[in-house]
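Enquirer: My structure is stored as start10.cif, with mmCIF, C-alpha atoms.
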```cif
data_final
#
loop_
_atom_site.label_atom_id
_atom_site.label_comp_id
_atom_site.auth_asym_id
_atom_site.auth_seq_id
_atom_site.Cartn_x
_atom_site.Cartn_y
_atom_site.Cartn_z
CA MET A 200 164.99 39.81 104.87
CA VAL A 201 162.94 41.99 102.56
CA ILE A 202 163.95 42.42 98.90
CA VAL A 203 162.16 45.05 96.83
CA PRO A 204 163.27 45.18 93.18
CA GLU A 205 163.48 48.55 91.44
CA GLY A 206 160.47 47.75 89.26
CA MET A 207 158.15 47.40 92.27
CA ILE A 208 158.88 50.73 93.94
CA ALA A 209 156.50 52.82 91.84
CA ASP A 210 153.60 50.59 92.90
CA LEU A 211 154.58 50.64 96.56
CA LEU A 212 155.63 54.20 97.33
CA THR A 213 153.53 57.31 96.78
CA ARG A 214 154.64 60.93 96.66
CA GLU A 215 152.56 61.52 99.78
CA ALA A 216 154.36 58.77 101.70
CA SER A 217 157.74 60.07 100.51
CA PHE A 218 156.86 63.56 101.69
CA ALA A 219 155.78 62.27 105.11
CA ALA A 220 158.93 60.14 105.47
CA VAL A 221 161.28 62.99 104.55
CA GLU A 222 159.45 65.46 106.78
CA THR A 223 159.65 63.04 109.71
CA VAL A 224 163.35 62.29 109.28
CA PHE A 225 164.23 65.99 108.81
CA ALA A 226 162.47 66.63 112.13
CA ALA A 227 164.43 63.78 113.72
CA MET A 228 167.67 65.27 112.38
CA ALA A 229 166.77 68.69 113.77
CA ALA A 230 166.10 67.05 117.14
CA GLY A 231 169.47 65.24 117.05
CA ALA A 232 167.83 61.81 116.83
CA ALA A 233 168.93 61.10 113.25
CA TYR A 234 172.16 61.84 111.44
CA ASN A 235 174.10 61.12 108.26
CA PHE A 236 177.48 59.41 108.22
CA PRO A 237 180.36 60.88 106.21
CA VAL A 238 179.72 60.43 102.50
CA VAL A 239 182.05 58.25 100.45
CA ARG A 240 182.18 59.33 96.79
CA GLU A 241 184.87 58.00 94.48
CA ALA A 242 185.75 58.51 90.83
CA ILE A 243 186.65 54.86 90.30
CA GLY A 244 188.52 55.34 87.03
CA HIS A 245 186.21 53.02 85.09
CA GLU A 246 183.38 54.11 82.77
CA ASP A 247 183.85 57.66 84.16
CA ALA A 248 181.71 56.47 87.06
CA LEU A 249 181.21 58.13 90.43
CA TYR A 250 180.44 55.53 93.09
CA GLY A 251 179.91 55.77 96.80
CA PHE A 252 177.89 55.35 99.96
CA LYS A 253 175.49 57.60 101.81
CA GLY A 254 174.63 56.12 105.19
CA GLY A 255 172.90 57.19 108.33
CA PHE A 256 171.01 56.21 111.43
CA ASP A 257 167.60 57.40 112.52
CA ARG A 258 167.25 56.53 116.20
CA ALA A 259 163.70 57.90 116.26
CA GLY A 260 162.55 55.69 113.39
CA ASN A 261 164.97 52.85 114.23
CA VAL A 262 166.31 52.84 110.67
CA LEU A 263 169.98 52.08 109.92
CA GLY A 264 171.61 51.68 106.56
CA LEU A 265 172.97 53.17 103.39
CA LYS A 266 172.40 53.92 99.77
CA ALA A 267 175.18 52.62 97.53
CA GLY A 268 175.64 53.40 93.89
CA GLY A 269 176.34 56.47 91.85
CA TYR A 270 176.52 57.93 88.40
CA TRP A 271 177.47 55.96 85.29
CA PRO A 272 177.36 58.56 82.49
CA ASN A 273 177.56 56.00 79.66
CA ASN A 274 174.72 53.78 80.87
CA LEU A 275 171.96 55.11 78.67
CA GLU A 276 173.99 55.07 75.48
CA LYS A 277 175.77 51.77 76.07
CA HIS A 278 173.19 49.73 77.95
CA GLY A 279 169.82 51.49 77.73
CA LEU A 280 169.94 51.96 81.52
CA ILE A 281 169.48 55.19 83.43
CA ASN A 282 172.76 56.81 84.41
CA HIS A 283 171.99 57.17 88.11
CA GLN A 284 171.99 53.73 89.70
CA SER A 285 171.59 53.07 93.39
CA THR A 286 170.45 50.45 95.84
CA VAL A 287 169.39 50.89 99.47
CA PHE A 288 170.44 48.41 102.15
CA LEU A 289 168.90 48.45 105.61
CA PHE A 290 170.19 46.80 108.76
CA ASP A 291 168.57 45.80 112.03
CA PRO A 292 169.86 48.43 114.50
CA ASP A 293 169.53 45.90 117.33
CA THR A 294 171.79 43.23 115.79
CA GLY A 295 173.64 44.59 112.75
CA ARG A 296 172.11 41.99 110.47
CA VAL A 297 171.01 43.05 106.99
CA SER A 298 167.22 43.38 106.87
CA ALA A 299 166.31 44.83 103.46
CA MET A 300 167.61 45.46 99.94
CA VAL A 301 165.59 48.01 98.00
CA GLY A 302 165.99 49.39 94.48
CA GLY A 303 167.03 53.02 94.91
CA ASN A 304 166.48 54.76 91.58
CA TYR A 305 162.80 55.76 91.70
CA LEU A 306 163.15 56.10 95.48
CA THR A 307 165.84 58.73 94.96
CA ALA A 308 163.64 60.66 92.52
CA LEU A 309 160.76 60.75 95.02
CA ARG A 310 163.06 61.53 97.95
CA THR A 311 164.78 64.40 96.17
CA ALA A 312 161.43 65.92 95.19
CA ALA A 313 160.08 65.47 98.72
CA ALA A 314 163.13 67.14 100.28
CA ALA A 315 162.52 70.33 98.26
CA SER A 316 158.80 70.23 98.96
CA VAL A 317 159.23 69.80 102.70
CA SER A 318 161.45 72.89 102.67
CA ILE A 319 158.80 74.81 100.72
CA LYS A 320 156.07 73.77 103.13
CA HIS A 321 157.97 74.95 106.18
CA LEU A 322 160.19 77.78 104.92
CA ALA A 323 158.55 79.53 101.95
CA ARG A 324 156.50 82.66 102.60
CA ARG A 325 152.82 81.98 103.25
CA ASP A 326 151.83 84.27 100.35
CA ALA A 327 154.17 82.65 97.80
CA LYS A 328 152.35 82.50 94.47
CA VAL A 329 154.95 82.15 91.70
CA LEU A 330 157.17 79.07 91.48
CA GLY A 331 160.38 79.38 89.48
CA MET A 332 162.21 76.37 88.06
CA ILE A 333 165.85 76.16 86.93
CA GLY A 334 166.28 72.86 85.13
CA ALA A 335 163.86 70.87 83.00
CA GLY A 336 165.21 67.33 82.93
CA HIS A 337 163.75 64.09 84.25
CA GLN A 338 164.23 64.97 87.92
CA ALA A 339 162.86 68.49 87.40
CA THR A 340 159.46 67.03 86.62
CA PHE A 341 159.44 65.25 90.00
CA GLN A 342 160.46 68.46 91.78
CA LEU A 343 157.76 70.49 90.05
CA ARG A 344 154.94 68.04 90.65
CA ALA A 345 155.79 67.67 94.33
CA ALA A 346 156.06 71.45 94.80
CA LEU A 347 152.69 72.06 93.14
CA GLU A 348 151.14 69.49 95.48
CA THR A 349 152.61 71.27 98.50
CA ARG A 350 151.39 74.83 97.92
CA ASP A 351 148.75 76.56 95.77
CA PHE A 352 150.93 78.37 93.27
CA ASP A 353 149.24 80.65 90.71
CA LYS A 354 151.95 80.26 88.09
CA VAL A 355 155.13 78.39 87.20
CA ILE A 356 157.98 80.12 85.40
CA GLY A 357 161.02 78.23 84.19
CA TRP A 358 164.40 78.49 82.56
CA ASN A 359 166.69 75.77 81.26
CA TYR A 360 170.08 75.76 79.59
CA HIS A 361 168.45 73.63 76.90
CA PRO A 362 165.18 75.50 76.24
CA GLU A 363 163.91 72.69 74.03
CA MET A 364 163.36 70.68 77.25
CA LEU A 365 161.03 73.25 78.83
CA PRO A 366 157.92 71.42 77.54
CA ASN A 367 158.74 68.81 80.24
CA LEU A 368 157.85 71.46 82.80
CA ALA A 369 154.89 72.81 80.82
CA LYS A 370 153.35 69.34 80.69
CA VAL A 371 153.51 68.83 84.46
CA ALA A 372 152.12 72.31 85.09
CA ALA A 373 149.25 71.60 82.67
CA ASP A 374 148.55 68.31 84.48
CA MET A 375 148.22 70.31 87.68
CA ASP A 376 146.14 73.10 86.04
CA VAL A 377 148.75 75.77 86.68
CA PRO A 378 149.89 78.12 83.89
CA PHE A 379 153.51 77.82 82.77
CA GLU A 380 155.70 80.47 81.21
CA ALA A 381 159.27 80.19 79.91
CA VAL A 382 161.41 83.11 81.09
CA ASP A 383 164.98 84.31 80.81
CA LEU A 384 167.13 84.18 83.95
CA PRO A 385 166.42 87.81 84.98
CA GLY A 386 162.72 86.93 84.70
CA LEU A 387 163.09 84.74 87.80
CA VAL A 388 162.90 87.87 89.96
CA ALA A 389 159.13 87.32 89.70
CA ALA A 390 159.41 84.01 91.61
CA ASP A 391 158.56 83.64 95.32
CA VAL A 392 160.06 80.15 95.41
CA ILE A 393 162.88 78.86 93.16
CA ILE A 394 163.87 75.23 92.74
CA THR A 395 167.19 74.54 91.02
CA ILE A 396 167.68 71.03 89.72
CA THR A 397 170.51 70.86 87.21
CA SER A 398 173.76 68.99 86.71
CA SER A 399 175.63 72.23 85.99
CA PHE A 400 178.94 72.88 87.70
CA ALA A 401 178.86 76.55 86.62
CA PRO A 402 176.92 79.20 88.58
CA THR A 403 173.59 79.82 86.90
CA LEU A 404 171.19 81.53 89.26
CA LEU A 405 172.82 84.79 90.38
CA ALA A 406 171.85 87.26 93.09
CA GLU A 407 170.38 89.66 90.51
CA HIS A 408 167.90 86.93 89.45
CA VAL A 409 166.42 86.55 92.94
CA SER A 410 164.02 88.88 94.75
CA PRO A 411 164.34 89.47 98.51
CA GLY A 412 162.37 86.92 100.57
CA THR A 413 162.45 84.23 97.90
CA HIS A 414 162.78 80.65 99.16
CA ILE A 415 165.40 78.72 97.17
CA ALA A 416 165.61 74.92 97.16
CA CYS A 417 168.88 73.89 95.51
CA MET A 418 169.02 70.23 94.51
CA GLY A 419 171.42 68.28 92.35
CA THR A 420 175.00 69.25 91.66
CA MET B 50 171.66 39.04 91.06
CA VAL B 51 173.41 36.50 93.26
CA ILE B 52 172.38 36.08 96.90
CA VAL B 53 174.54 33.89 99.14
CA PRO B 54 173.23 33.53 102.71
CA GLU B 55 175.70 33.38 105.58
CA GLY B 56 174.99 29.71 106.19
CA MET B 57 176.16 28.69 102.71
CA ILE B 58 179.59 30.34 102.79
CA ALA B 59 181.38 27.57 104.66
CA ASP B 60 180.34 25.08 101.94
CA LEU B 61 181.37 27.39 99.10
CA LEU B 62 184.62 29.02 100.17
CA THR B 63 187.80 27.20 101.18
CA ARG B 64 190.82 28.54 103.05
CA GLU B 65 192.87 27.88 99.92
CA ALA B 66 190.54 29.97 97.75
CA SER B 67 190.53 32.76 100.36
CA PHE B 68 194.33 32.76 100.41
CA ALA B 69 194.53 32.94 96.61
CA ALA B 70 191.94 35.75 96.47
CA VAL B 71 193.69 37.86 99.11
CA GLU B 72 197.12 37.26 97.56
CA THR B 73 195.80 38.32 94.15
CA VAL B 74 194.10 41.47 95.40
CA PHE B 75 197.12 42.49 97.51
CA ALA B 76 199.21 42.19 94.34
CA ALA B 77 196.65 44.31 92.48
CA MET B 78 196.81 46.93 95.24
CA ALA B 79 200.62 46.99 95.07
CA ALA B 80 200.35 47.49 91.29
CA GLY B 81 197.87 50.36 91.75
CA ALA B 82 195.03 48.43 90.10
CA ALA B 83 192.96 48.00 93.27
CA TYR B 84 192.30 50.35 96.16
CA ASN B 85 190.17 50.85 99.24
CA PHE B 86 187.79 53.76 99.71
CA PRO B 87 187.83 55.79 102.94
CA VAL B 88 186.38 53.72 105.77
CA VAL B 89 183.17 54.86 107.47
CA ARG B 90 182.97 53.69 111.08
CA GLU B 91 180.38 55.14 113.44
CA ALA B 92 179.48 54.60 117.08
CA ILE B 93 175.75 54.87 116.43
CA GLY B 94 174.71 55.36 120.04
CA HIS B 95 172.48 52.26 120.09
CA GLU B 96 173.42 48.89 121.61
CA ASP B 97 177.00 50.20 121.91
CA ALA B 98 177.32 49.24 118.27
CA LEU B 99 180.05 50.24 115.83
CA TYR B 100 178.70 50.30 112.28
CA GLY B 101 180.23 51.24 108.98
CA PHE B 102 181.31 50.56 105.45
CA LYS B 103 184.54 49.30 103.93
CA GLY B 104 184.47 49.65 100.17
CA GLY B 105 186.86 49.36 97.31
CA PHE B 106 187.41 48.72 93.63
CA ASP B 107 189.65 46.14 92.05
CA ARG B 108 190.11 47.13 88.42
CA ALA B 109 192.22 44.05 87.78
CA GLY B 110 189.55 41.67 89.04
CA ASN B 111 186.63 43.92 87.98
CA VAL B 112 185.17 43.78 91.50
CA LEU B 113 183.37 46.80 93.02
CA GLY B 114 181.53 46.96 96.30
CA LEU B 115 181.58 47.14 100.05
CA LYS B 116 181.23 45.31 103.29
CA ALA B 117 178.67 46.89 105.62
CA GLY B 118 178.12 45.98 109.23
CA GLY B 119 180.14 46.15 112.39
CA TYR B 120 180.33 45.13 116.00
CA TRP B 121 177.29 44.63 118.23
CA PRO B 122 178.80 43.69 121.63
CA ASN B 123 175.50 42.53 123.14
CA ASN B 124 174.50 40.18 120.33
CA LEU B 125 175.65 36.94 121.88
CA GLU B 126 174.12 37.56 125.27
CA LYS B 127 170.86 39.10 124.06
CA HIS B 128 170.20 37.26 120.82
CA GLY B 129 172.53 34.25 120.61
CA LEU B 130 174.16 35.85 117.56
CA ILE B 131 177.85 36.51 116.99
CA ASN B 132 178.89 40.05 117.81
CA HIS B 133 180.58 40.80 114.50
CA GLN B 134 177.93 41.07 111.80
CA SER B 135 178.61 42.03 108.22
CA THR B 136 177.24 41.67 104.73
CA VAL B 137 179.06 42.13 101.42
CA PHE B 138 177.39 43.87 98.48
CA LEU B 139 178.91 43.78 95.01
CA PHE B 140 178.09 46.02 92.06
CA ASP B 141 178.61 45.69 88.31
CA PRO B 142 181.52 48.08 87.61
CA ASP B 143 180.18 48.61 84.07
CA THR B 144 176.70 49.84 85.09
CA GLY B 145 176.56 50.49 88.85
CA ARG B 146 173.78 47.96 89.34
CA VAL B 147 173.89 45.71 92.40
CA SER B 148 175.06 42.23 91.43
CA ALA B 149 175.50 40.23 94.65
CA MET B 150 174.63 40.13 98.35
CA VAL B 151 176.83 37.78 100.38
CA GLY B 152 176.87 36.94 104.07
CA GLY B 153 180.10 38.43 105.43
CA ASN B 154 180.75 36.82 108.81
CA TYR B 155 182.56 33.60 107.91
CA LEU B 156 184.00 35.39 104.87
CA THR B 157 185.61 37.94 107.22
CA ALA B 158 187.11 35.17 109.37
CA LEU B 159 188.68 33.49 106.33
CA ARG B 160 189.80 36.80 104.81
CA THR B 161 191.46 37.99 108.03
CA ALA B 162 193.32 34.71 108.41
CA ALA B 163 194.36 34.76 104.75
CA ALA B 164 195.69 38.33 105.02
CA ALA B 165 198.09 37.32 107.81
CA SER B 166 199.10 34.15 105.99
CA VAL B 167 199.82 35.94 102.72
CA SER B 168 202.12 38.28 104.65
CA ILE B 169 203.86 35.30 106.25
CA LYS B 170 204.35 33.59 102.90
CA HIS B 171 205.97 36.62 101.31
CA LEU B 172 207.62 38.46 104.21
CA ALA B 173 208.65 36.01 106.94
CA ARG B 174 212.21 34.68 106.97
CA ARG B 175 212.69 31.47 104.96
CA ASP B 176 214.06 29.69 108.06
CA ALA B 177 211.18 30.70 110.38
CA LYS B 178 210.40 27.74 112.63
CA VAL B 179 208.55 29.05 115.72
CA LEU B 180 205.13 30.69 115.41
CA GLY B 181 204.00 32.93 118.27
CA MET B 182 200.35 33.75 118.92
CA ILE B 183 198.93 36.65 120.96
CA GLY B 184 195.24 36.03 121.37
CA ALA B 185 193.30 32.80 121.68
CA GLY B 186 189.70 33.66 120.77
CA HIS B 187 187.53 32.50 117.90
CA GLN B 188 189.41 34.42 115.21
CA ALA B 189 192.78 33.32 116.61
CA THR B 190 191.99 29.74 115.63
CA PHE B 191 191.47 30.83 112.02
CA GLN B 192 194.74 32.77 112.04
CA LEU B 193 196.68 29.84 113.49
CA ARG B 194 195.30 27.22 111.12
CA ALA B 195 195.96 29.38 108.06
CA ALA B 196 199.50 30.18 109.21
CA LEU B 197 200.32 26.51 109.82
CA GLU B 198 199.09 25.72 106.30
CA THR B 199 201.37 28.40 104.85
CA ARG B 200 204.72 27.40 106.35
CA ASP B 201 206.22 24.34 108.06
CA PHE B 202 206.54 25.57 111.63
CA ASP B 203 208.20 23.28 114.19
CA LYS B 204 206.35 24.71 117.16
CA VAL B 205 203.59 27.11 118.21
CA ILE B 206 203.91 29.23 121.34
CA GLY B 207 201.06 31.37 122.61
CA TRP B 208 199.98 33.92 125.19
CA ASN B 209 196.53 35.24 125.97
CA TYR B 210 195.17 37.74 128.47
CA HIS B 211 192.72 35.00 129.45
CA PRO B 212 195.00 31.92 129.72
CA GLU B 213 192.00 29.63 130.13
CA MET B 214 191.35 30.15 126.41
CA LEU B 215 194.76 28.85 125.29
CA PRO B 216 193.39 25.32 124.71
CA ASN B 217 191.68 26.83 121.63
CA LEU B 218 195.16 27.26 120.14
CA ALA B 219 196.45 23.91 121.46
CA LYS B 220 193.60 22.11 119.74
CA VAL B 221 194.33 23.63 116.32
CA ALA B 222 198.04 22.94 116.71
CA ALA B 223 197.29 19.32 117.62
CA ASP B 224 195.02 19.02 114.55
CA MET B 225 197.98 20.13 112.45
CA ASP B 226 200.49 17.89 114.30
CA VAL B 227 202.52 20.79 115.62
CA PRO B 228 203.49 21.00 119.32
CA PHE B 229 202.00 23.88 121.31
CA GLU B 230 203.40 25.58 124.37
CA ALA B 231 201.88 28.33 126.52
CA VAL B 232 204.43 31.05 127.33
CA ASP B 233 204.59 34.35 129.16
CA LEU B 234 205.00 37.51 127.06
CA PRO B 235 208.82 37.60 127.36
CA GLY B 236 208.80 34.01 126.09
CA LEU B 237 207.72 35.31 122.68
CA VAL B 238 211.36 36.27 121.96
CA ALA B 239 211.64 32.65 120.78
CA ALA B 240 209.17 33.30 117.93
CA ASP B 241 210.23 33.89 114.30
CA VAL B 242 206.71 34.96 113.34
CA ILE B 243 204.15 36.56 115.67
CA ILE B 244 200.45 36.96 114.93
CA THR B 245 198.48 39.29 117.21
CA ILE B 246 194.73 38.89 117.11
CA THR B 247 193.09 40.52 120.11
CA SER B 248 190.44 43.13 120.86
CA SER B 249 192.74 44.89 123.33
CA PHE B 250 193.12 48.66 123.14
CA ALA B 251 196.14 48.54 125.49
CA PRO B 252 199.66 47.79 124.22
CA THR B 253 200.46 44.13 124.87
CA LEU B 254 203.37 42.99 122.73
CA LEU B 255 206.33 45.23 123.54
CA ALA B 256 209.72 45.63 121.85
CA GLU B 257 211.40 43.54 124.56
CA HIS B 258 209.15 40.59 123.62
CA VAL B 259 210.28 40.51 119.99
CA SER B 260 213.57 39.23 118.56
CA PRO B 261 215.26 41.00 115.64
CA GLY B 262 214.07 39.73 112.24
CA THR B 263 210.72 38.53 113.52
CA HIS B 264 207.77 38.93 111.15
CA ILE B 265 204.74 40.40 112.94
CA ALA B 266 201.21 40.19 111.54
CA CYS B 267 198.96 42.47 113.59
CA MET B 268 195.26 41.86 113.09
CA GLY B 269 192.18 43.03 114.95
CA THR B 270 191.99 46.15 117.06
#
```
As structure tokens, please, write out the structure in this file.
Expert:
Amino acid sequence: MVIVPEGMIADLLTREASFAAVETVFAAMAAGAAYNFPVVREAIGHEDALYGFKGGFDRAGNVLGLKAGGYWPNNLEKHGLINHQSTVFLFDPDTGRVSAMVGGNYLTALRTAAAASVSIKHLARRDAKVLGMIGAGHQATFQLRAALETRDFDKVIGWNYHPEMLPNLAKVAADMDVPFEAVDLPGLVAADVIITITSSFAPTLLAEHVSPGTHIACMGT
Amino acid sequence: MVIVPEGMIADLLTREASFAAVETVFAAMAAGAAYNFPVVREAIGHEDALYGFKGGFDRAGNVLGLKAGGYWPNNLEKHGLINHQSTVFLFDPDTGRVSAMVGGNYLTALRTAAAASVSIKHLARRDAKVLGMIGAGHQATFQLRAALETRDFDKVIGWNYHPEMLPNLAKVAADMDVPFEAVDLPGLVAADVIITITSSFAPTLLAEHVSPGTHIACMGT
């Protein structure tokens, strides 16, 4: 039985390893060797929380288990905790016995960023040079950093419902020595790749904001 | 974070406490304060295993979580492990953080027996005197013992597809000072309460084997 507390994940898991893991399991899914179970997601009627289970089995990697947890919107204000809370539980596929419990919060951030980046590596045009970002929150910084590590973009352009958060993107771009420019939504027609990472339920990125041939990686809600 | 290994459960949880817990949560469910989430149950295509998640939230008891695991039919022969393997994970309903990991095998045996017994306590006729058993495996002994602790039965009668296993029932009945008699299926018309606890997919107990007014507690497959 392996137990990895949330606080240890950042020292144990790199972006590179996350990318490799997601790329491998996406390939296994395409080959029919890995699959997801039906998702359980429940509004439990307490603390406005959404709680549920995302499980699956990867026959190729011999990995069986689930992520349990969800979204507690009052966590930060009430408890100083992040609102997304999850834990991963793994089982021995040969016996059904639990084999690992792993903090899932930072893992989810790296996984979500890796999923978009794997899609960019394999599906974006070879000559893609401008990366467009919709969203500028905590997770957006993970998405941007992973994308900039995947391809040599010349420029990042970004839009956010709350423009005062765009410096989050500018800082990551500066770290990676790529120029950043805030744009309005129509300005995203200049992007060759667009990542959306918002919690919006309303449509934001419309057809008129997207040029033909653009690769779009839609994450989040 | 509380971790309770499988081997400690028998020393921590009594049949009486299991009965009280199940009775309380059934009452909460009837009052709309507790509910189960949709069940995930997957034939994973490895070791003929069935794996899945049973989750729920009890607002009245402030208990949130799931049981994960399933049925690995080759466990006993290949690994000397019981075929049903499960683990319970609890979460803090106020924050979504994992709060407990508890071995679920013995817990499931006690819970399943308690569920039948709670139904007998509240739904069987007051004058019920003969308890009928269909099934004589490991779980059947839990069902029988719990039922005999719930009501004063004068006699236990039992049938099993494998009659050589009926001494399992006779032994429990003897422990509880109640006479036991093996019967054929039509003989179950003498029962006032019938518990079925088998892994059969075929119909076994038919209408002609049941007298009017009999309480039936169907567990297992």
Enquirer: Using all atoms listed in the file, determine which residues of chain B fall within 9 Å of chain A; present them as a PDB file with C-alpha atoms, in the frame of the given file.
Expert:
```pdb
ATOM      1  CA  PHE B  86     187.790  53.760  99.710  1.00  0.00           C
ATOM      2  CA  PRO B  87     187.830  55.790 102.940  1.00  0.00           C
ATOM      3  CA  VAL B  88     186.380  53.720 105.770  1.00  0.00           C
ATOM      4  CA  VAL B  89     183.170  54.860 107.470  1.00  0.00           C
ATOM      5  CA  ARG B  90     182.970  53.690 111.080  1.00  0.00           C
ATOM      6  CA  GLU B  91     180.380  55.140 113.440  1.00  0.00           C
ATOM      7  CA  ILE B  93     175.750  54.870 116.430  1.00  0.00           C
ATOM      8  CA  GLY B  94     174.710  55.360 120.040  1.00  0.00           C
ATOM      9  CA  HIS B  95     172.480  52.260 120.090  1.00  0.00           C
ATOM     10  CA  GLU B  96     173.420  48.890 121.610  1.00  0.00           C
ATOM     11  CA  ALA B  98     177.320  49.240 118.270  1.00  0.00           C
ATOM     12  CA  TYR B 100     178.700  50.300 112.280  1.00  0.00           C
ATOM     13  CA  GLY B 101     180.230  51.240 108.980  1.00  0.00           C
ATOM     14  CA  PHE B 102     181.310  50.560 105.450  1.00  0.00           C
ATOM     15  CA  GLY B 104     184.470  49.650 100.170  1.00  0.00           C
ATOM     16  CA  GLY B 105     186.860  49.360  97.310  1.00  0.00           C
ATOM     17  CA  PHE B 106     187.410  48.720  93.630  1.00  0.00           C
ATOM     18  CA  ARG B 108     190.110  47.130  88.420  1.00  0.00           C
ATOM     19  CA  GLY B 114     181.530  46.960  96.300  1.00  0.00           C
ATOM     20  CA  LEU B 115     181.580  47.140 100.050  1.00  0.00           C
ATOM     21  CA  ALA B 117     178.670  46.890 105.620  1.00  0.00           C
ATOM     22  CA  GLY B 118     178.120  45.980 109.230  1.00  0.00           C
ATOM     23  CA  GLY B 119     180.140  46.150 112.390  1.00  0.00           C
ATOM     24  CA  TYR B 120     180.330  45.130 116.000  1.00  0.00           C
ATOM     25  CA  TRP B 121     177.290  44.630 118.230  1.00  0.00           C
ATOM     26  CA  ASN B 123     175.500  42.530 123.140  1.00  0.00           C
ATOM     27  CA  ASN B 124     174.500  40.180 120.330  1.00  0.00           C
ATOM     28  CA  HIS B 128     170.200  37.260 120.820  1.00  0.00           C
ATOM     29  CA  LEU B 130     174.160  35.850 117.560  1.00  0.00           C
ATOM     30  CA  ASN B 132     178.890  40.050 117.810  1.00  0.00           C
ATOM     31  CA  HIS B 133     180.580  40.800 114.500  1.00  0.00           C
ATOM     32  CA  GLN B 134     177.930  41.070 111.800  1.00  0.00           C
ATOM     33  CA  SER B 135     178.610  42.030 108.220  1.00  0.00           C
ATOM     34  CA  THR B 136     177.240  41.670 104.730  1.00  0.00           C
ATOM     35  CA  PHE B 140     178.090  46.020  92.060  1.00  0.00           C
ATOM     36  CA  PRO B 142     181.520  48.080  87.610  1.00  0.00           C
ATOM     37  CA  ASP B 143     180.180  48.610  84.070  1.00  0.00           C
ATOM     38  CA  THR B 144     176.700  49.840  85.090  1.00  0.00           C
ATOM     39  CA  GLY B 145     176.560  50.490  88.850  1.00  0.00           C
ATOM     40  CA  ARG B 146     173.780  47.960  89.340  1.00  0.00           C
ATOM     41  CA  VAL B 147     173.890  45.710  92.400  1.00  0.00           C
ATOM     42  CA  MET B 150     174.630  40.130  98.350  1.00  0.00           C
ATOM     43  CA  GLY B 152     176.870  36.940 104.070  1.00  0.00           C
TER      44      GLY B 152
END
```
Enquirer: Quick one: residues within 6 Å of region 374-386 of chain A, only C-alpha atoms counted, chain neighbours fewer than 5 positions away excluded, as a ChimeraX atom specification?
Expert: /A:354-358,369,408
Enquirer: Write the selection just made, keeping C-alpha atoms, as a PDB file, keeping the file's coordinate frame?
Expert:
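After the write, result21.pdb holds the following:
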```pdb
ATOM      1  CA  LYS A 354     151.950  80.260  88.090  1.00  0.00           C
ATOM      2  CA  VAL A 355     155.130  78.390  87.200  1.00  0.00           C
ATOM      3  CA  ILE A 356     157.980  80.120  85.400  1.00  0.00           C
ATOM      4  CA  GLY A 357     161.020  78.230  84.190  1.00  0.00           C
ATOM      5  CA  TRP A 358     164.400  78.490  82.560  1.00  0.00           C
ATOM      6  CA  ALA A 369     154.890  72.810  80.820  1.00  0.00           C
ATOM      7  CA  HIS A 408     167.900  86.930  89.450  1.00  0.00           C
TER       8      HIS A 408
END
```
Enquirer: In Å to one decimal, how far is CA of Tyr305 (chain A) from CA of Ala327 (chain A)?
Expert: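 Computing the Euclidean distance for CA of Ala327 (chain A) and CA of Tyr305 (chain A) yields 28.9 Å.
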Enquirer: Please list as a PyMOL selection string every residue within 7 Å of Ala323 (chain A), counting only C-alpha atoms and excluding residues in the same chain fewer than 3 positions away.
Expert: chain A and resi 319-320+327+392+414
Enquirer: So which residues touch region 217-222 of chain A within 8 Å, counting only C-alpha atoms, skipping near sequence neighbours fewer than 4 positions away, as a PyMOL selection string?
Expert: chain A and resi 212-213+226+309-310+313-314+316-317
Enquirer: Store the residues of this selection in a file with C-alpha atoms, as a short mmCIF file (atom, residue, chain, number, x, y, z; two decimals), in the frame of the given file.
Expert:
```cif
data_model
loop_
_atom_site.label_atom_id
_atom_site.label_comp_id
_atom_site.auth_asym_id
_atom_site.auth_seq_id
_atom_site.Cartn_x
_atom_site.Cartn_y
_atom_site.Cartn_z
CA LEU A 212 155.63 54.20 97.33
CA THR A 213 153.53 57.31 96.78
CA ALA A 226 162.47 66.63 112.13
CA LEU A 309 160.76 60.75 95.02
CA ARG A 310 163.06 61.53 97.95
CA ALA A 313 160.08 65.47 98.72
CA ALA A 314 163.13 67.14 100.28
CA SER A 316 158.80 70.23 98.96
CA VAL A 317 159.23 69.80 102.70
#
```
Enquirer: Counting all atoms listed in the file, figure out which residue out of A:Leu347, A:Val262, A:Val371, A:Ile333 gets nearest to Ser298 (chain A).
Expert: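 Selected residue with least distance to Ser298 (chain A): A:Val262.
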Enquirer: Spell out the residues picked by the PyMOL selection byres ((chain B and resi 257) around 12) here, as a list of chain:residue names.
Expert: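 The output of the PyMOL selection byres ((chain B and resi 257) around 12) on this file is B:Leu234, B:Pro235, B:Gly236, B:Leu237, B:Val238, B:Ala239, B:Thr253, B:Leu254, B:Leu255, B:Ala256, B:His258, B:Val259, B:Ser260, B:Pro261.
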Enquirer: Around all listed atoms of region 75-83 of chain B, padded 5 Å per side, what centre and edge lengths does the axis-aligned box have in Å to one decimal, as lines of an AutoDock Vina configuration file?
Expert:
```
center_x = 196.8
center_y = 46.3
center_z = 93.8
size_x = 17.7
size_y = 18.2
size_z = 17.4
```
Enquirer: Could you tell me which residues the PyMOL selection byres ((chain B and resi 190) around 9) returns for this structure, as a PyMOL selection string?
Expert: chain B and resi 162+185-189+191-195+217-218+220-221
Enquirer: Hey, which of A:Ala401, A:Ala315, A:Val329, A:Ala299 ends up closest to Ile415 (chain A)? Count all atoms listed in the file.
Expert: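 Nearest candidate to Ile415 (chain A) out of A:Ala401, A:Ala315, A:Val329, A:Ala299: A:Ala315.
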